[in-house]
>>> print(open('protein_37.txt').read())   # compact mmCIF, C-alpha atoms and all ligand atoms
# COMPACT_ATOMS: atom_id res chain seq x y z
CA MET A 1 0.00 0.00 0.00
CA LYS A 2 1.11 3.52 -0.71
CA ILE A 3 0.03 5.85 2.09
CA ASN A 4 -1.12 9.30 1.02
CA HIS A 5 -1.60 10.66 4.51
CA ILE A 6 -2.28 9.72 8.10
CA GLU A 7 -4.58 11.47 10.55
CA LEU A 8 -4.71 11.23 14.32
CA LEU A 9 -8.05 12.13 15.91
CA ARG A 10 -8.28 12.63 19.65
CA PHE A 11 -11.36 13.20 21.78
CA GLN A 12 -13.01 12.25 25.03
CA LEU A 13 -16.02 9.96 25.21
CA PRO A 14 -17.90 9.75 28.52
CA LEU A 15 -18.69 6.34 30.01
CA VAL A 16 -22.29 5.64 31.07
CA ARG A 17 -21.04 4.82 34.57
CA PRO A 18 -17.66 5.15 36.29
CA PHE A 19 -15.44 2.08 35.88
CA ARG A 20 -13.46 1.38 39.03
CA THR A 21 -10.67 -1.17 39.22
CA SER A 22 -8.07 -1.88 41.90
CA PHE A 23 -5.83 0.76 40.23
CA GLY A 24 -8.28 3.63 39.75
CA THR A 25 -11.54 5.00 38.39
CA GLN A 26 -12.27 5.92 34.77
CA ASN A 27 -15.14 8.26 33.87
CA HIS A 28 -14.41 8.62 30.19
CA ARG A 29 -12.23 7.26 27.42
CA ASP A 30 -9.44 9.46 26.06
CA VAL A 31 -9.61 8.11 22.51
CA ILE A 32 -6.94 8.31 19.82
CA LEU A 33 -8.01 7.10 16.38
CA VAL A 34 -5.52 6.48 13.59
CA ARG A 35 -6.84 7.03 10.10
CA VAL A 36 -4.69 6.03 7.14
CA GLU A 37 -5.51 6.94 3.59
CA THR A 38 -3.84 4.80 0.98
CA ASP A 39 -4.05 4.96 -2.79
CA ALA A 40 -6.83 2.33 -2.59
CA ALA A 41 -8.79 2.79 0.64
CA GLU A 42 -9.00 4.37 4.06
CA GLY A 43 -8.51 2.46 7.29
CA TRP A 44 -9.19 3.12 10.96
CA GLY A 45 -7.51 1.93 14.14
CA GLU A 46 -8.19 2.66 17.81
CA CYS A 47 -5.58 3.23 20.47
CA VAL A 48 -6.95 1.60 23.65
CA VAL A 49 -4.28 2.94 26.01
CA GLY A 50 -5.49 4.47 29.29
CA VAL A 51 -5.19 8.15 30.18
CA ASP A 52 -2.96 7.22 33.15
CA PRO A 53 -0.08 4.70 33.24
CA PHE A 54 -1.90 2.56 35.82
CA TYR A 55 -2.98 -0.59 33.93
CA ASN A 56 0.39 -0.78 32.23
CA GLU A 57 3.15 1.74 31.49
CA GLU A 58 1.44 3.31 28.49
CA TYR A 59 -0.73 6.43 28.63
CA THR A 60 -2.46 8.38 25.91
CA ASP A 61 -0.17 11.44 25.84
CA ALA A 62 2.80 9.09 25.40
CA ALA A 63 1.04 6.98 22.77
CA TYR A 64 0.18 10.11 20.80
CA GLY A 65 3.78 11.29 21.10
CA VAL A 66 5.30 8.01 19.99
CA LEU A 67 3.00 7.89 16.98
CA VAL A 68 3.92 11.43 15.92
CA ARG A 69 7.61 11.33 16.66
CA TRP A 70 8.55 7.77 15.68
CA LEU A 71 5.92 5.37 14.32
CA ILE A 72 4.47 7.62 11.59
CA PRO A 73 7.91 8.90 10.40
CA MET A 74 9.28 5.33 10.31
CA VAL A 75 6.39 4.14 8.17
CA PHE A 76 6.73 7.12 5.80
CA ALA A 77 10.51 6.58 5.58
CA HIS A 78 9.95 2.92 4.68
CA GLY A 79 7.70 3.69 1.73
CA PRO A 80 4.91 1.42 0.44
CA LEU A 81 4.18 -1.44 2.80
CA ALA A 82 1.74 -4.21 3.65
CA ALA A 83 0.11 -4.39 7.07
CA GLU A 84 2.17 -7.53 7.73
CA ASP A 85 5.37 -5.46 7.35
CA PHE A 86 4.43 -2.92 10.02
CA ALA A 87 5.78 -4.69 13.14
CA GLY A 88 9.17 -5.12 11.47
CA VAL A 89 9.28 -1.52 10.24
CA VAL A 90 8.79 -0.15 13.78
CA SER A 91 10.71 -2.85 15.65
CA ASN A 92 13.37 -0.41 16.90
CA VAL A 93 10.69 1.18 19.08
CA VAL A 94 10.58 -0.79 22.32
CA GLY A 95 7.18 -1.51 23.88
CA ASN A 96 4.50 1.12 23.17
CA LYS A 97 2.33 -1.75 22.02
CA GLY A 98 -0.97 0.08 22.32
CA ALA A 99 0.26 2.77 19.94
CA LYS A 100 1.61 0.15 17.54
CA ALA A 101 -1.57 -1.93 17.71
CA ALA A 102 -3.68 1.10 16.73
CA PHE A 103 -1.50 1.86 13.71
CA GLU A 104 -1.39 -1.78 12.57
CA MET A 105 -5.20 -1.97 12.92
CA ALA A 106 -5.64 1.03 10.62
CA LEU A 107 -3.26 -0.46 8.03
CA LEU A 108 -5.04 -3.82 8.15
CA ASP A 109 -8.44 -2.15 7.82
CA ALA A 110 -7.28 -0.22 4.75
CA GLN A 111 -5.60 -3.26 3.20
CA LEU A 112 -8.59 -5.53 3.75
CA ARG A 113 -11.06 -2.91 2.50
CA ALA A 114 -8.99 -2.62 -0.66
CA ASP A 115 -8.89 -6.43 -0.99
CA GLY A 116 -12.61 -6.82 -0.18
CA VAL A 117 -11.86 -9.26 2.67
CA SER A 118 -13.37 -9.17 6.15
CA LEU A 119 -11.09 -9.21 9.19
CA THR A 120 -12.62 -12.45 10.46
CA THR A 121 -11.90 -14.18 7.16
CA TYR A 122 -8.37 -12.78 7.06
CA LEU A 123 -7.57 -13.92 10.61
CA GLY A 124 -9.08 -17.38 10.16
CA GLY A 125 -12.26 -16.90 12.20
CA THR A 126 -14.69 -19.80 12.42
CA ARG A 127 -17.65 -18.21 14.24
CA THR A 128 -20.41 -15.97 12.88
CA ALA A 129 -21.31 -14.70 16.38
CA VAL A 130 -19.18 -14.52 19.51
CA PRO A 131 -20.48 -15.09 23.06
CA VAL A 132 -19.65 -12.06 25.20
CA GLY A 133 -19.59 -11.11 28.84
CA VAL A 134 -19.43 -7.92 30.84
CA SER A 135 -16.71 -6.57 33.14
CA ILE A 136 -18.16 -4.95 36.27
CA GLY A 137 -16.21 -2.35 38.19
CA ILE A 138 -15.90 -2.13 41.96
CA THR A 139 -19.04 -0.48 43.38
CA PRO A 140 -19.56 1.67 46.48
CA THR A 141 -21.50 -1.12 48.19
CA VAL A 142 -22.03 -4.85 47.69
CA ASP A 143 -25.75 -4.20 47.28
CA ASP A 144 -24.91 -1.95 44.33
CA LEU A 145 -22.79 -4.74 42.83
CA VAL A 146 -25.63 -7.24 43.17
CA ALA A 147 -28.08 -4.80 41.53
CA VAL A 148 -25.70 -4.01 38.65
CA SER A 149 -24.96 -7.71 38.14
CA GLN A 150 -28.65 -8.60 38.01
CA GLY A 151 -29.18 -5.81 35.49
CA TYR A 152 -26.56 -7.22 33.13
CA VAL A 153 -27.99 -10.73 33.45
CA ALA A 154 -31.40 -9.26 32.55
CA ASP A 155 -29.75 -7.65 29.49
CA GLY A 156 -28.70 -11.12 28.34
CA TYR A 157 -25.08 -11.42 29.42
CA ALA A 158 -24.32 -15.04 30.31
CA ARG A 159 -20.93 -14.26 31.84
CA LEU A 160 -20.00 -11.66 34.45
CA LYS A 161 -16.51 -10.57 35.47
CA LEU A 162 -16.22 -8.85 38.84
CA LYS A 163 -13.31 -6.56 39.60
CA ILE A 164 -11.86 -7.37 43.02
CA GLU A 165 -9.29 -5.86 45.37
CA PRO A 166 -8.23 -6.54 48.96
CA GLY A 167 -11.31 -5.82 51.10
CA PHE A 168 -13.70 -6.33 48.16
CA ASP A 169 -13.44 -9.95 47.12
CA VAL A 170 -14.87 -13.04 48.86
CA GLU A 171 -18.08 -11.52 50.23
CA PRO A 172 -19.02 -9.58 47.07
CA VAL A 173 -18.44 -12.71 44.98
CA ARG A 174 -20.52 -14.80 47.39
CA ARG A 175 -23.40 -12.31 47.22
CA VAL A 176 -23.35 -12.09 43.43
CA ARG A 177 -23.16 -15.88 43.04
CA GLU A 178 -26.17 -16.24 45.37
CA ALA A 179 -28.09 -13.55 43.48
CA VAL A 180 -27.48 -14.72 39.89
CA GLY A 181 -27.41 -18.48 40.51
CA ASP A 182 -25.14 -21.20 39.20
CA SER A 183 -26.08 -20.95 35.53
CA VAL A 184 -24.35 -17.58 35.04
CA MET A 185 -20.63 -17.86 34.27
CA LEU A 186 -18.67 -15.85 36.82
CA GLN A 187 -15.02 -14.81 36.98
CA VAL A 188 -12.94 -12.20 38.81
CA ASP A 189 -10.13 -9.79 37.91
CA ALA A 190 -7.68 -8.42 40.50
CA ASN A 191 -5.48 -6.24 38.23
CA ALA A 192 -2.39 -7.24 40.21
CA ALA A 193 -3.71 -6.04 43.60
CA TYR A 194 -2.55 -9.04 45.69
CA THR A 195 0.68 -10.60 46.96
CA GLU A 196 1.82 -14.15 47.66
CA ALA A 197 0.66 -13.75 51.30
CA ASP A 198 -2.94 -13.52 50.01
CA ILE A 199 -3.03 -16.96 48.36
CA ASP A 200 -4.83 -18.67 51.26
CA HIS A 201 -7.35 -15.85 51.35
CA LEU A 202 -7.96 -16.07 47.60
CA ALA A 203 -8.39 -19.85 47.91
CA GLN A 204 -11.75 -19.06 49.56
CA LEU A 205 -12.97 -18.14 46.07
CA ASP A 206 -12.77 -21.82 45.14
CA GLU A 207 -16.26 -22.49 46.53
CA PHE A 208 -17.97 -20.21 43.98
CA ASN A 209 -17.27 -22.25 40.85
CA LEU A 210 -15.50 -19.37 39.07
CA LEU A 211 -14.35 -19.70 35.47
CA LEU A 212 -11.05 -18.09 36.42
CA ILE A 213 -9.21 -15.52 38.49
CA GLU A 214 -7.42 -12.94 36.35
CA GLN A 215 -4.01 -11.47 37.21
CA PRO A 216 -3.88 -11.57 41.02
CA PHE A 217 -0.18 -10.55 41.15
CA GLU A 218 2.33 -8.17 39.54
CA PRO A 219 2.76 -8.61 35.78
CA ASP A 220 6.39 -9.75 35.97
CA ASP A 221 5.79 -12.13 38.87
CA LEU A 222 5.05 -15.34 36.99
CA LEU A 223 6.38 -17.59 39.74
CA THR A 224 3.81 -16.42 42.30
CA HIS A 225 1.08 -17.06 39.74
CA ALA A 226 2.50 -20.58 39.30
CA THR A 227 2.45 -21.10 43.08
CA MET A 228 -1.15 -19.90 43.22
CA ALA A 229 -2.13 -22.22 40.34
CA LYS A 230 -0.86 -25.20 42.38
CA ARG A 231 -2.66 -24.18 45.57
CA VAL A 232 -6.13 -23.17 44.34
CA SER A 233 -8.64 -24.97 42.15
CA THR A 234 -9.95 -21.80 40.42
CA PRO A 235 -8.06 -21.55 37.09
CA VAL A 236 -5.47 -18.76 37.03
CA CYS A 237 -5.64 -16.46 33.97
CA LEU A 238 -3.05 -13.85 32.97
CA ASP A 239 -3.81 -10.43 31.49
CA GLU A 240 -1.10 -7.82 32.24
CA SER A 241 1.70 -10.46 32.15
CA ILE A 242 0.93 -11.48 28.56
CA VAL A 243 2.82 -8.78 26.68
CA SER A 244 4.20 -10.88 23.81
CA LEU A 245 4.45 -14.32 22.28
CA GLY A 246 7.64 -14.92 24.27
CA ALA A 247 6.02 -13.93 27.56
CA THR A 248 3.14 -16.28 26.77
CA ARG A 249 5.54 -19.14 26.06
CA THR A 250 7.30 -18.51 29.39
CA ALA A 251 4.00 -18.37 31.31
CA LEU A 252 2.82 -21.65 29.80
CA GLU A 253 6.18 -23.33 30.41
CA LEU A 254 6.09 -22.25 34.09
CA ALA A 255 2.41 -23.30 34.43
CA ALA A 256 1.69 -19.77 35.68
CA CYS A 257 -1.78 -19.90 34.11
CA SER A 258 -4.21 -22.31 32.48
CA VAL A 259 -6.18 -19.61 30.61
CA VAL A 260 -4.94 -16.56 28.67
CA ASN A 261 -6.60 -13.17 28.15
CA VAL A 262 -5.59 -11.77 24.74
CA LYS A 263 -5.75 -7.99 24.28
CA VAL A 264 -4.77 -6.50 20.94
CA GLY A 265 -3.48 -3.28 22.52
CA ARG A 266 -1.37 -5.07 25.11
CA VAL A 267 0.48 -7.37 22.71
CA GLY A 268 1.12 -4.91 19.87
CA GLY A 269 -1.58 -5.76 17.39
CA LEU A 270 -3.95 -8.21 15.77
CA LEU A 271 -1.20 -10.25 14.16
CA ALA A 272 0.64 -10.80 17.47
CA SER A 273 -2.75 -11.64 19.00
CA ARG A 274 -3.31 -14.32 16.39
CA ASP A 275 0.15 -15.78 17.07
CA ILE A 276 -0.61 -15.96 20.80
CA HIS A 277 -3.95 -17.60 20.01
CA ASP A 278 -2.16 -20.20 17.90
CA LEU A 279 0.49 -20.91 20.54
CA CYS A 280 -2.14 -21.39 23.24
CA ALA A 281 -4.18 -23.64 20.94
CA ALA A 282 -1.11 -25.81 20.38
CA HIS A 283 -0.74 -26.11 24.18
CA GLY A 284 -4.43 -26.87 24.72
CA VAL A 285 -4.83 -23.62 26.67
CA PRO A 286 -8.09 -21.73 26.04
CA VAL A 287 -8.00 -17.97 25.39
CA TRP A 288 -10.57 -15.17 25.56
CA CYS A 289 -10.60 -11.62 24.29
CA GLY A 290 -10.03 -8.94 26.89
CA GLY A 291 -11.29 -5.38 26.57
CA MET A 292 -10.13 -1.82 27.27
CA LEU A 293 -13.53 -0.08 27.13
CA GLU A 294 -13.14 0.21 23.35
CA THR A 295 -15.28 2.32 21.07
CA GLY A 296 -16.95 0.59 18.14
CA VAL A 297 -13.66 0.63 16.20
CA GLY A 298 -11.57 -1.38 18.66
CA ARG A 299 -14.63 -3.51 19.44
CA ALA A 300 -14.82 -4.56 15.77
CA ALA A 301 -11.23 -5.79 15.97
CA ASN A 302 -12.02 -7.68 19.18
CA VAL A 303 -15.12 -9.33 17.73
CA ALA A 304 -13.20 -10.53 14.66
CA LEU A 305 -10.35 -11.82 16.83
CA ALA A 306 -12.76 -13.63 19.14
CA SER A 307 -14.17 -15.49 16.12
CA LEU A 308 -10.99 -17.62 16.03
CA PRO A 309 -11.47 -21.23 17.16
CA ASN A 310 -9.48 -21.23 20.43
CA PHE A 311 -11.40 -18.21 21.82
CA THR A 312 -13.61 -20.64 23.73
CA LEU A 313 -14.53 -18.39 26.67
CA PRO A 314 -16.76 -15.27 26.40
CA GLY A 315 -14.83 -12.04 25.87
CA ASP A 316 -14.98 -8.65 27.61
CA ILE A 317 -16.68 -7.38 24.46
CA SER A 318 -19.96 -5.93 25.63
CA ALA A 319 -22.57 -4.04 23.63
CA SER A 320 -21.98 -0.32 22.97
CA ALA A 321 -24.74 0.61 25.44
CA ARG A 322 -22.77 -0.90 28.33
CA TYR A 323 -20.10 1.77 27.77
CA PHE A 324 -21.48 4.82 25.96
CA ASP A 325 -24.73 6.68 25.42
CA ARG A 326 -23.73 6.90 21.79
CA ASP A 327 -20.91 4.99 20.07
CA ILE A 328 -18.76 6.50 17.33
CA THR A 329 -19.70 3.71 14.91
CA GLU A 330 -22.87 1.75 14.29
CA PRO A 331 -23.79 0.54 17.77
CA TRP A 332 -22.80 -2.96 18.79
CA VAL A 333 -26.02 -4.63 19.93
CA LEU A 334 -26.38 -7.78 21.97
CA GLN A 335 -28.11 -10.66 20.16
CA GLY A 336 -29.01 -13.06 22.94
CA SER A 337 -25.68 -13.16 24.75
CA SER A 338 -23.53 -12.71 21.62
CA LEU A 339 -22.32 -10.12 19.14
CA ALA A 340 -22.54 -10.85 15.40
CA VAL A 341 -19.21 -10.97 13.54
CA PRO A 342 -19.14 -8.48 10.63
CA THR A 343 -18.52 -9.97 7.21
CA THR A 344 -18.01 -6.72 5.27
CA PRO A 345 -14.46 -5.79 4.21
CA GLY A 346 -11.94 -4.72 6.85
CA LEU A 347 -13.14 -4.05 10.39
CA GLY A 348 -16.68 -3.80 9.05
CA VAL A 349 -17.62 -0.58 10.85
CA ASN A 350 -17.87 3.05 9.79
CA VAL A 351 -16.76 5.96 11.94
CA ASP A 352 -19.41 8.66 12.38
CA GLU A 353 -17.04 11.54 11.68
CA ALA A 354 -19.70 14.19 12.26
CA PHE A 355 -20.36 12.83 15.73
CA VAL A 356 -16.62 12.62 16.44
CA ALA A 357 -16.28 16.26 15.32
CA SER A 358 -19.16 17.24 17.62
CA LEU A 359 -17.14 15.79 20.52
CA GLY A 360 -14.51 18.42 19.82
CA ALA A 361 -11.98 16.05 18.30
CA THR A 362 -8.59 17.47 17.41
CA ARG A 363 -7.17 16.27 14.09
CA GLY A 364 -3.49 16.05 13.26
CA LEU A 365 -2.57 15.50 9.61
CA PHE A 366 0.72 13.86 8.59
CA ARG A 367 2.09 13.53 5.07
CA PRO A 368 5.15 11.67 3.78
O1 LIG B 1 -8.05 -5.59 33.36
O2 LIG B 1 -9.36 -6.28 31.85
C1 LIG B 1 -8.86 -5.34 32.48
C2 LIG B 1 -10.47 -2.06 31.34
C3 LIG B 1 -9.39 -1.21 31.38
C4 LIG B 1 -8.18 -1.70 31.81
C5 LIG B 1 -8.04 -3.04 32.20
C6 LIG B 1 -9.13 -3.90 32.14
C7 LIG B 1 -10.36 -3.39 31.73
C8 LIG B 1 -11.58 -4.18 31.71
C9 LIG B 1 -12.67 -3.69 30.78
O3 LIG B 1 -11.81 -5.12 32.45
C10 LIG B 1 -13.28 -4.73 29.94
C11 LIG B 1 -14.16 -4.14 28.88
O4 LIG B 1 -13.66 -3.46 27.95
O5 LIG B 1 -15.38 -4.33 28.96
MG MG B 2 -7.76 -7.69 33.37
>>> encode(input="protein_37.txt", output="structure tokens")
Amino acid sequence: MKINHIELLRFQLPLVRPFRTSFGTQNHRDVILVRVETDAAEGWGECVVGVDPFYNEEYTDAAYGVLVRWLIPMVFAHGPLAAEDFAGVVSNVVGNKGAKAAFEMALLDAQLRADGVSLTTYLGGTRTAVPVGVSIGITPTVDDLVAVSQGYVADGYARLKLKIEPGFDVEPVRRVREAVGDSVMLQVDANAAYTEADIDHLAQLDEFNLLLIEQPFEPDDLLTHATMAKRVSTPVCLDESIVSLGATRTALELAACSVVNVKVGRVGGLLASRDIHDLCAAHGVPVWCGGMLETGVGRAANVALASLPNFTLPGDISASARYFDRDITEPWVLQGSSLAVPTTPGLGVNVDEAFVASLGATRGLFRP
């Protein structure tokens, strides 16, 4: 593809309710969109990085900066390229995987639109609809959590994920399990809020028949996750630790987890995500698609990714209404407890540029 120009759009999109995790509270998304215009098509990508460096080391000001100062100039200096070339072209930039993932997504969208191929077909998807769940933030009271959980079950979600932290774990999970019954799939996410000394405490979660516990310990502490996996019956899943194919291989070798959360923005793009999916499949380890409160653009990428065969657990890929009063694309709507996988070329969504403009988006234009 020959790129004519690249645009970065940045704007804030309010969340319908605050999203609180063990590391902080989010009230809105600080969205960066990458738009590439090639000689054949346009393509869009979403940067899912947080506004603060609390989930991982990336944050939106830094992602914007690394795109402007390094990633875009490197791609222009390289000349015409295919989406598959992108990771190699920018390989001198260490980390910054959320920024890279957004750029690669835009290139893939443009390439696939030009080729007339849907992202699910390109990636090797085998599902026409993907079962999805909902990630529920920490609430002021346990009664609130029960009410919110029951609301999502009424919406159709068949799987709930509860955020936990020290002081908000066993009792909230017990109350939600009692309220929603055994037929609802339930899992928890600690976002690295615990230490090895908490393993016996966390073992109390074993009685609630959870699908998994996600990332109890620090991202680089694989050995404590392996210790936990031996001592509790709830499957251990890694999120923050899974930053690359190599990190995944190490985690599987150490038996630090028996389930893997794949996030496009954490691993550097859709192609790295597919590689991690394939590695886990070869090890008989199920994966599921994590979320970063994406707009309709990033959600389209997640839905296509989750259509791959080893995504056997419901993803954190909820309907647009769970996040925003109005999405920036066609809204993603729950069908039963699933989202339909688009079959139109590329990501299969269209950005409502007038709505994005009405949000006060800034636009930066970059030419070779
Ligand atoms: O740990 O999975 C996480 C959102 C922001 C940062 C980290 C996480 C999350 C979520 C949201 O759990 C899932 C979603 O997008 O619905
Ligand atoms: Mg997580």
>>> closest_residue(input="protein_37.txt", among="A:Tyr157, A:Tyr194, A:Phe86, A:Phe217", to="Ile317 in chain A", atoms="only C-alpha atoms")
A:Tyr157
>>> atom_distance(input="protein_37.txt", atom1="CA of Val142 in chain A", atom2="CA of Glu196 in chain A")
25.6 Å
>>> closest_residue(input="protein_37.txt", among="A:Gly156, A:Gly298, A:Pro314, A:Pro219", to="Glu240 in chain A", atoms="all atoms listed in the file")
A:Pro219
>>> closest_residue(input="protein_37.txt", among="A:Lys163, A:Arg249, A:Arg177, A:Arg113", to="ligand LIG 1 (chain B)", atoms="only C-alpha atoms and all ligand atoms")
A:Lys163
>>> closest_residue(input="protein_37.txt", among="A:Ile72, A:Leu252, A:Val153, A:Leu238", to="Leu334 in chain A", atoms="all atoms listed in the file")
A:Val153
>>> closest_residue(input="protein_37.txt", among="A:Leu279, A:Val188, A:Val51, A:Leu205", to="Arg29 in chain A", atoms="only C-alpha atoms")
A:Val51
>>> closest_atom_pairs(input="protein_37.txt", of="chain A", to="ligand LIG 1 (chain B)", cutoff="9 Å", atoms="all atoms listed in the file", output="tab-separated table")
residue	atom	partner	partner_atom	distance
A:Phe19	CA	B:LIG1	C2	7.9
A:Arg20	CA	B:LIG1	C2	8.9
A:Thr21	CA	B:LIG1	C5	7.7
A:Gln26	CA	B:LIG1	C3	8.4
A:Val48	CA	B:LIG1	C3	8.6
A:Val49	CA	B:LIG1	C4	8.4
A:Gly50	CA	B:LIG1	C4	7.2
A:Phe54	CA	B:LIG1	C4	8.6
A:Tyr55	CA	B:LIG1	C4	5.7
A:Asn56	CA	B:LIG1	C4	8.6
A:Gly133	CA	B:LIG1	O5	8.0
A:Val134	CA	B:LIG1	O5	5.7
A:Ser135	CA	B:LIG1	O5	4.9
A:Ile136	CA	B:LIG1	O3	7.4
A:Gly137	CA	B:LIG1	O3	7.7
A:Lys161	CA	B:LIG1	O3	7.8
A:Leu162	CA	B:LIG1	O3	8.6
A:Lys163	CA	B:LIG1	O3	7.4
A:Asp189	CA	B:LIG1	O1	6.5
A:Ala190	CA	B:LIG1	O1	7.7
A:Asn191	CA	B:LIG1	O1	5.5
A:Glu214	CA	B:LIG1	O1	8.0
A:Gln215	CA	B:LIG1	O1	8.1
A:Asp239	CA	B:LIG1	O1	6.7
A:Glu240	CA	B:LIG1	O1	7.4
A:Asn261	CA	B:LIG1	O2	8.3
A:Lys263	CA	B:LIG1	O2	8.6
A:Gly290	CA	B:LIG1	O2	5.7
A:Gly291	CA	B:LIG1	O4	3.3
A:Met292	CA	B:LIG1	O4	4.0
A:Leu293	CA	B:LIG1	O4	3.5
A:Glu294	CA	B:LIG1	O4	5.9
A:Arg299	CA	B:LIG1	O4	8.6
A:Gly315	CA	B:LIG1	O5	8.3
A:Asp316	CA	B:LIG1	O5	4.5
A:Ile317	CA	B:LIG1	O5	5.6
A:Ser318	CA	B:LIG1	O5	5.9
A:Ala319	CA	B:LIG1	O5	9.0
A:Arg322	CA	B:LIG1	O5	8.2
A:Tyr323	CA	B:LIG1	O5	7.8
>>> write_last_selection(input="protein_37.txt", atoms="C-alpha atoms", output="PDB file, in the coordinates of the input")
ATOM      1  CA  PHE A  19     -15.440   2.080  35.880  1.00  0.00           C
ATOM      2  CA  ARG A  20     -13.460   1.380  39.030  1.00  0.00           C
ATOM      3  CA  THR A  21     -10.670  -1.170  39.220  1.00  0.00           C
ATOM      4  CA  GLN A  26     -12.270   5.920  34.770  1.00  0.00           C
ATOM      5  CA  VAL A  48      -6.950   1.600  23.650  1.00  0.00           C
ATOM      6  CA  VAL A  49      -4.280   2.940  26.010  1.00  0.00           C
ATOM      7  CA  GLY A  50      -5.490   4.470  29.290  1.00  0.00           C
ATOM      8  CA  PHE A  54      -1.900   2.560  35.820  1.00  0.00           C
ATOM      9  CA  TYR A  55      -2.980  -0.590  33.930  1.00  0.00           C
ATOM     10  CA  ASN A  56       0.390  -0.780  32.230  1.00  0.00           C
ATOM     11  CA  GLY A 133     -19.590 -11.110  28.840  1.00  0.00           C
ATOM     12  CA  VAL A 134     -19.430  -7.920  30.840  1.00  0.00           C
ATOM     13  CA  SER A 135     -16.710  -6.570  33.140  1.00  0.00           C
ATOM     14  CA  ILE A 136     -18.160  -4.950  36.270  1.00  0.00           C
ATOM     15  CA  GLY A 137     -16.210  -2.350  38.190  1.00  0.00           C
ATOM     16  CA  LYS A 161     -16.510 -10.570  35.470  1.00  0.00           C
ATOM     17  CA  LEU A 162     -16.220  -8.850  38.840  1.00  0.00           C
ATOM     18  CA  LYS A 163     -13.310  -6.560  39.600  1.00  0.00           C
ATOM     19  CA  ASP A 189     -10.130  -9.790  37.910  1.00  0.00           C
ATOM     20  CA  ALA A 190      -7.680  -8.420  40.500  1.00  0.00           C
ATOM     21  CA  ASN A 191      -5.480  -6.240  38.230  1.00  0.00           C
ATOM     22  CA  GLU A 214      -7.420 -12.940  36.350  1.00  0.00           C
ATOM     23  CA  GLN A 215      -4.010 -11.470  37.210  1.00  0.00           C
ATOM     24  CA  ASP A 239      -3.810 -10.430  31.490  1.00  0.00           C
ATOM     25  CA  GLU A 240      -1.100  -7.820  32.240  1.00  0.00           C
ATOM     26  CA  ASN A 261      -6.600 -13.170  28.150  1.00  0.00           C
ATOM     27  CA  LYS A 263      -5.750  -7.990  24.280  1.00  0.00           C
ATOM     28  CA  GLY A 290     -10.030  -8.940  26.890  1.00  0.00           C
ATOM     29  CA  GLY A 291     -11.290  -5.380  26.570  1.00  0.00           C
ATOM     30  CA  MET A 292     -10.130  -1.820  27.270  1.00  0.00           C
ATOM     31  CA  LEU A 293     -13.530  -0.080  27.130  1.00  0.00           C
ATOM     32  CA  GLU A 294     -13.140   0.210  23.350  1.00  0.00           C
ATOM     33  CA  ARG A 299     -14.630  -3.510  19.440  1.00  0.00           C
ATOM     34  CA  GLY A 315     -14.830 -12.040  25.870  1.00  0.00           C
ATOM     35  CA  ASP A 316     -14.980  -8.650  27.610  1.00  0.00           C
ATOM     36  CA  ILE A 317     -16.680  -7.380  24.460  1.00  0.00           C
ATOM     37  CA  SER A 318     -19.960  -5.930  25.630  1.00  0.00           C
ATOM     38  CA  ALA A 319     -22.570  -4.040  23.630  1.00  0.00           C
ATOM     39  CA  ARG A 322     -22.770  -0.900  28.330  1.00  0.00           C
ATOM     40  CA  TYR A 323     -20.100   1.770  27.770  1.00  0.00           C
TER      41      TYR A 323
END
>>> residues_around(input="protein_37.txt", residues="Ala306 in chain A", least_positions_apart="3", cutoff="12 Å", atoms="only C-alpha atoms", output="ChimeraX atom specification")
/A:119-120,123-132,261-264,270,273-274,277,286-291,299-303,309-317,338-342
>>> write_last_selection(input="protein_37.txt", atoms="C-alpha atoms", output="compact mmCIF listing (two decimals), keeping the file's coordinate frame")
# COMPACT_ATOMS: atom_id res chain seq x y z
CA LEU A 119 -11.09 -9.21 9.19
CA THR A 120 -12.62 -12.45 10.46
CA LEU A 123 -7.57 -13.92 10.61
CA GLY A 124 -9.08 -17.38 10.16
CA GLY A 125 -12.26 -16.90 12.20
CA THR A 126 -14.69 -19.80 12.42
CA ARG A 127 -17.65 -18.21 14.24
CA THR A 128 -20.41 -15.97 12.88
CA ALA A 129 -21.31 -14.70 16.38
CA VAL A 130 -19.18 -14.52 19.51
CA PRO A 131 -20.48 -15.09 23.06
CA VAL A 132 -19.65 -12.06 25.20
CA ASN A 261 -6.60 -13.17 28.15
CA VAL A 262 -5.59 -11.77 24.74
CA LYS A 263 -5.75 -7.99 24.28
CA VAL A 264 -4.77 -6.50 20.94
CA LEU A 270 -3.95 -8.21 15.77
CA SER A 273 -2.75 -11.64 19.00
CA ARG A 274 -3.31 -14.32 16.39
CA HIS A 277 -3.95 -17.60 20.01
CA PRO A 286 -8.09 -21.73 26.04
CA VAL A 287 -8.00 -17.97 25.39
CA TRP A 288 -10.57 -15.17 25.56
CA CYS A 289 -10.60 -11.62 24.29
CA GLY A 290 -10.03 -8.94 26.89
CA GLY A 291 -11.29 -5.38 26.57
CA ARG A 299 -14.63 -3.51 19.44
CA ALA A 300 -14.82 -4.56 15.77
CA ALA A 301 -11.23 -5.79 15.97
CA ASN A 302 -12.02 -7.68 19.18
CA VAL A 303 -15.12 -9.33 17.73
CA PRO A 309 -11.47 -21.23 17.16
CA ASN A 310 -9.48 -21.23 20.43
CA PHE A 311 -11.40 -18.21 21.82
CA THR A 312 -13.61 -20.64 23.73
CA LEU A 313 -14.53 -18.39 26.67
CA PRO A 314 -16.76 -15.27 26.40
CA GLY A 315 -14.83 -12.04 25.87
CA ASP A 316 -14.98 -8.65 27.61
CA ILE A 317 -16.68 -7.38 24.46
CA SER A 338 -23.53 -12.71 21.62
CA LEU A 339 -22.32 -10.12 19.14
CA ALA A 340 -22.54 -10.85 15.40
CA VAL A 341 -19.21 -10.97 13.54
CA PRO A 342 -19.14 -8.48 10.63
